[in-house]
Each structure stands twice: as structure tokens, then as C-alpha cells.
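The structure appears right after this line, and notes come after that.
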Amino acid sequence: MIKKTAVTIVLFLVTYAIFLIYNTPAEWVISRVDSQLAPLQAHIGNPRGSAWSGHGQLEINSIDVGRINWNTHLWPLITGHLEANLRLSGNDIEAHGRLDASRSLLQLNGLKGRADLALLARIAGMPNTAQGTLTADLKTVRLSGQGLLQDAQGEIDVHKASLPSLDVNLGTLSLRLSGTKAGNTINAVLNNSGGDLDINGNITLNNGRRYTLNAYLKPHAGQKNDPMRDALSAMIGSPDAQGRFHYVTSGQLSP
């Protein structure tokens with residue numbers, strides 16, 4: 001009799017927990033990621049559905065990026081943790097991946113997507129001086145509770161990259177990203193294929209804020225690229241013995 005009663009109580013609690021999950025409003029999901037999104041000037045508005053399955057509009061810097069859909073996993077949701085499959089769809093952007101979030105961590109795994117470079121420039125508040133289509137295949141992207149980028153591993157390519165105002169074709173730009181075990185440095189190897197010049201270098205991001213770009217630029221031979229060489233000479237200085245211009249810059253990402 002006692003055993004039957006215990007089983008009945010357990011079944012009731014499990015059923016009730018599942019009932020609560022299916023009826024938990026979509027705002028619960030938003031509250032779990034708000035702290036990490038705020039420093040990125042990001043917001044998910046007009047949520048619909050439930051914590052179990054829903055959607056909302058992703059805005060970054062007051063720009064409507066697209067509709068984000070989520071489907072959460074059962075057991076983590078019961079324990080107050082958030083694991084969900086995400087899909088973002090907009091006019092110039094498509095992405096999907098798996099979210100793992102808590103109050104102190106936001107991590108995206110298996111993130112794959114495509115976006116127009118002009119849209120990304122508008123989102124970042126940068127001038128639209130470059131054109132191309134960005135594709136990403138990232139194993140991991142991790143943000144701290146303060147929205148700082150702690151880790152990124154995978155590949156990012158920009159296809160048909162160009163600088164129309166300078167009439168420069170960059171070909172396909174590629175970034176190969178890897179993070180350190182300590183979680184405070186992200187390294188990215190930068191190169192390209194095709195285009196009017198060869199690009200080789202690396203980008204380092206320290207503590208989610210301070211970045212350094214160290215790159216070598218070598219215009220291909222030909223009269224078409226003479227103006228580019230002149231411009232690089234005026235901006236950077238004389239090339240080395242291999243005809244490469246060495247460009248180094250650093251700064252800090254906006255909070």
C-alpha cells in the first residue's frame with residue numbers, strides 16, 4: 001500500500017511538472033538570457049508561445065534582425081537550466097544552433113548560418129564599406145554573464161568579399177577561430193583566396209574586449225593594382241622585400 005502511494009505521488013509530481021513546463025510563458029526563456037544580451041544591445045521582443053516552444057523578434061541596436069524560434073529540452077527546463085534548439089530567420093540572415101544558458105553563462109554549440117555583410121555592418125553600427133556574404137560554422141561560442149566573448153571555435157568565411165568604393169576584390173576571406181583553455185584569449189587565423197591581393201595574418205581578442213590585428217597585404221602584379229599599392233604605401237609605409245605591406249592595429253570593443 002505504501003509503495004503504491006509513493007508511486008502515485010511520484011507520477012503526480014512528474015505530471016504536474018510537465019504541465020507547468022507546457023504552460024510556462026515564453027517570457028521565462030527571455031529572462032534566462034537577458035543579462036548576456038543586454039551588453040550586446042540585443043533584445044528578444046514580442047515573445048509568443050511557451051518556454052517549451054515559442055518565438056520572438058530578435059533586435060540588435062534597435063534593428064529587427066529576424067524571427068527567432070526555440071524548442072527547449074525537458075529535463076534541463078525542470079531544473080531551471082535552459083537548453084534549446086534555436087533557429088533565426090530574416091531577410092538577409094539565416095542561422096541555427098543549440099543554446100545552453102544559465103545566469104552566468106550563455107553558450108551556442110553547432111552554430112551555422114549565413115548573413116549579408118551589409119546587414120552585419122548596420123547591426124554593428126559600422127559604415128557599409130564592404131560587400132559579401134558571410135557563412136559561419138562554429139563549434140562553440142561562449143559569452144560570460146556580462147556579455148563578454150569568452151570562447152569561439154570554428155570557421156567564418158566571407159564569400160565574394162569586396163570594397164566597392166576602392167574597386168578592390170578581396171576574393172573569399174577566411175577566419176579560423178580557436179580559444180585558450182583559460183577562456184580569456186581568442187585567436188583567429190586570417191587569410192584569403194582569389195581577389196586582387198593576398199591577405200595573411202591573425203586577430204587576437206583578449207578578455208572579450210581588447211583586440212589586435214596583425215596582417216600582411218600583398219597586391220598582385222598588374223597595372224590595375226598600382227593605385228592600391230600607392231594607397232597602401234601612403235597609409236602603411238613601404239613594402240618589404242617580398243612586396244608585402246605590414247598592417248597592425250589594436251583597439252577595444254564597445255561594451
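Identifiers for the C-alpha cells are assigned positionally: chains receive A, B, ... in sequence, residues are indexed from 1 per chain, and ligands are indexed from 1 in the order shown.
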
Give the alpha helix (DSSP H) residues of stretch 93-236 of chain A, as DSSP finds them on the backbone, and put them as a JSON list (two decimals) with C-alpha atoms, in the first residue's frame.
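Final file, result-v8.json:
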[["chain", "number", "residue", "atom", "x", "y", "z"],
["A", 117, "LEU", "CA", 27.78, 41.64, -44.78],
["A", 118, "ALA", "CA", 25.89, 44.90, -45.24],
["A", 119, "LEU", "CA", 23.32, 43.80, -42.63],
["A", 120, "LEU", "CA", 26.06, 42.89, -40.14],
["A", 121, "ALA", "CA", 27.67, 46.30, -40.66],
["A", 122, "ARG", "CA", 24.37, 48.04, -39.87],
["A", 123, "ILE", "CA", 23.89, 45.88, -36.77],
["A", 226, "ASP", "CA", 49.03, 50.24, -58.92],
["A", 227, "PRO", "CA", 46.56, 52.66, -57.23],
["A", 228, "MET", "CA", 46.11, 50.13, -54.42],
["A", 229, "ARG", "CA", 49.87, 49.89, -53.88],
["A", 230, "ASP", "CA", 50.10, 53.68, -53.82],
["A", 231, "ALA", "CA", 47.30, 53.88, -51.27],
["A", 232, "LEU", "CA", 48.87, 51.22, -49.05],
["A", 233, "SER", "CA", 52.24, 52.96, -49.25],
["A", 234, "ALA", "CA", 50.66, 56.24, -48.14],
["A", 235, "MET", "CA", 48.75, 54.61, -45.31]]

(request) Please run DSSP on the backbone and report, as a ChimeraX atom specification, all residues within stretch 45-137 of chain A that come out as strand (DSSP E or B). (result) /A:45-50,53-60,63-72,82-89,93-101,105-116,131-137

Preceding selection exported with C-alpha atoms as a compact mmCIF listing (two decimals), in the first residue's frame:
# COMPACT_ATOMS: atom_id res chain seq x y z
CA GLY A 45 10.73 41.22 -28.23
CA ASN A 46 7.11 40.19 -28.78
CA PRO A 47 7.57 36.65 -27.39
CA ARG A 48 4.88 34.13 -28.29
CA GLY A 49 4.22 30.55 -27.28
CA SER A 50 5.69 28.95 -24.18
CA SER A 53 8.23 26.04 -27.75
CA GLY A 54 7.96 29.63 -28.89
CA HIS A 55 9.30 32.50 -30.93
CA GLY A 56 10.11 36.22 -30.77
CA GLN A 57 11.72 39.02 -32.76
CA LEU A 58 15.46 39.49 -32.29
CA GLU A 59 16.59 43.11 -32.27
CA ILE A 60 20.21 44.30 -32.11
CA ILE A 63 17.48 46.78 -35.85
CA ASP A 64 14.98 43.99 -36.47
CA VAL A 65 17.25 41.06 -37.34
CA GLY A 66 14.58 38.41 -37.75
CA ARG A 67 12.35 35.87 -36.07
CA ILE A 68 13.97 33.50 -33.57
CA ASN A 69 12.29 30.17 -32.78
CA TRP A 70 13.16 27.90 -29.86
CA ASN A 71 12.39 24.38 -28.70
CA THR A 72 13.68 23.62 -25.22
CA LEU A 82 17.95 26.35 -20.35
CA GLU A 83 18.93 24.14 -23.26
CA ALA A 84 17.19 24.82 -26.54
CA ASN A 85 17.42 24.41 -30.28
CA LEU A 86 17.32 27.83 -31.96
CA ARG A 87 16.57 28.95 -35.49
CA LEU A 88 16.85 32.55 -36.72
CA SER A 89 15.22 33.64 -39.98
CA ILE A 93 20.21 36.21 -42.34
CA GLU A 94 19.63 32.54 -41.55
CA ALA A 95 21.15 30.67 -38.59
CA HIS A 96 20.57 27.71 -36.31
CA GLY A 97 22.29 26.16 -33.31
CA ARG A 98 21.87 24.84 -29.77
CA LEU A 99 21.71 27.15 -26.76
CA ASP A 100 22.99 26.32 -23.27
CA ALA A 101 22.24 29.13 -20.81
CA LEU A 105 26.86 31.59 -18.98
CA LEU A 106 25.44 31.67 -22.48
CA GLN A 107 26.87 29.17 -24.93
CA LEU A 108 25.91 28.36 -28.50
CA ASN A 109 27.00 25.00 -29.91
CA GLY A 110 26.91 23.87 -33.52
CA LEU A 111 26.12 27.37 -34.77
CA LYS A 112 25.74 27.51 -38.54
CA GLY A 113 24.46 30.42 -40.54
CA ARG A 114 24.59 32.86 -43.43
CA ALA A 115 24.27 36.65 -43.43
CA ASP A 116 24.72 39.58 -45.76
CA GLN A 131 30.22 43.70 -49.54
CA GLY A 132 29.94 39.94 -49.43
CA THR A 133 28.11 37.01 -47.87
CA LEU A 134 29.27 35.66 -44.52
CA THR A 135 28.91 31.98 -43.67
CA ALA A 136 29.69 30.57 -40.23
CA ASP A 137 30.31 27.05 -38.97

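For the residues A:Asp34, A:Glu27, A:Glu155, A:Asp198, ranking by smallest atom-to-atom distance to A:Gln242 using only C-alpha atoms places A:Asp198 first.
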
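When only C-alpha atoms are used to measure the gap to A:Gln41, the shortest distance among A:Gln150, A:Gly145, A:Ser104, A:Gly125 belongs to A:Gly125.
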
(message) Just want the 12 Å neighbourhood of A:Asn207, counted on only C-alpha atoms, with same-chain residues fewer than 4 positions away dropped. Output as a VMD selection string.
(response) chain A and resid 143 to 144 146 to 151 179 to 180 182 to 187 211 252 to 253 255

Would you mind listing what lies within 9 Å of A:Ala221 as an mmCIF file with C-alpha atoms, in the first residue's frame, with only C-alpha atoms counted and same-chain residues fewer than 3 positions away left out?
data_model
loop_
_atom_site.group_PDB
_atom_site.id
_atom_site.type_symbol
_atom_site.label_atom_id
_atom_site.label_comp_id
_atom_site.auth_asym_id
_atom_site.auth_seq_id
_atom_site.Cartn_x
_atom_site.Cartn_y
_atom_site.Cartn_z
ATOM 1 C CA ASP A 196 43.311 41.497 -56.067
ATOM 2 C CA LEU A 197 45.709 40.876 -53.159
ATOM 3 C CA LYS A 224 45.130 47.597 -62.160
ATOM 4 C CA ASN A 225 46.589 47.331 -58.667
ATOM 5 C CA ASP A 226 49.031 50.241 -58.920
#

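The space separating atom CA of A:Gly194 from atom CA of A:Ser165 comes to 18.8 Å.
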
(message) Residues within 8 Å of A:Asn169, please, as an MDAnalysis selection string. Count only C-alpha atoms; anything in the same chain fewer than 6 positions from it doesn't count.
(response) chainID A and resid 160:163 195:197

(message) Residues near A:Leu173, anyone? I mean within 8 Å using only C-alpha atoms, not counting same-chain ones fewer than 3 positions away, as a list in words.
(response) Asp157, Val158, His159, Ala161, Leu170, Leu190, Asn191, Asn192 and Ser193 of chain A
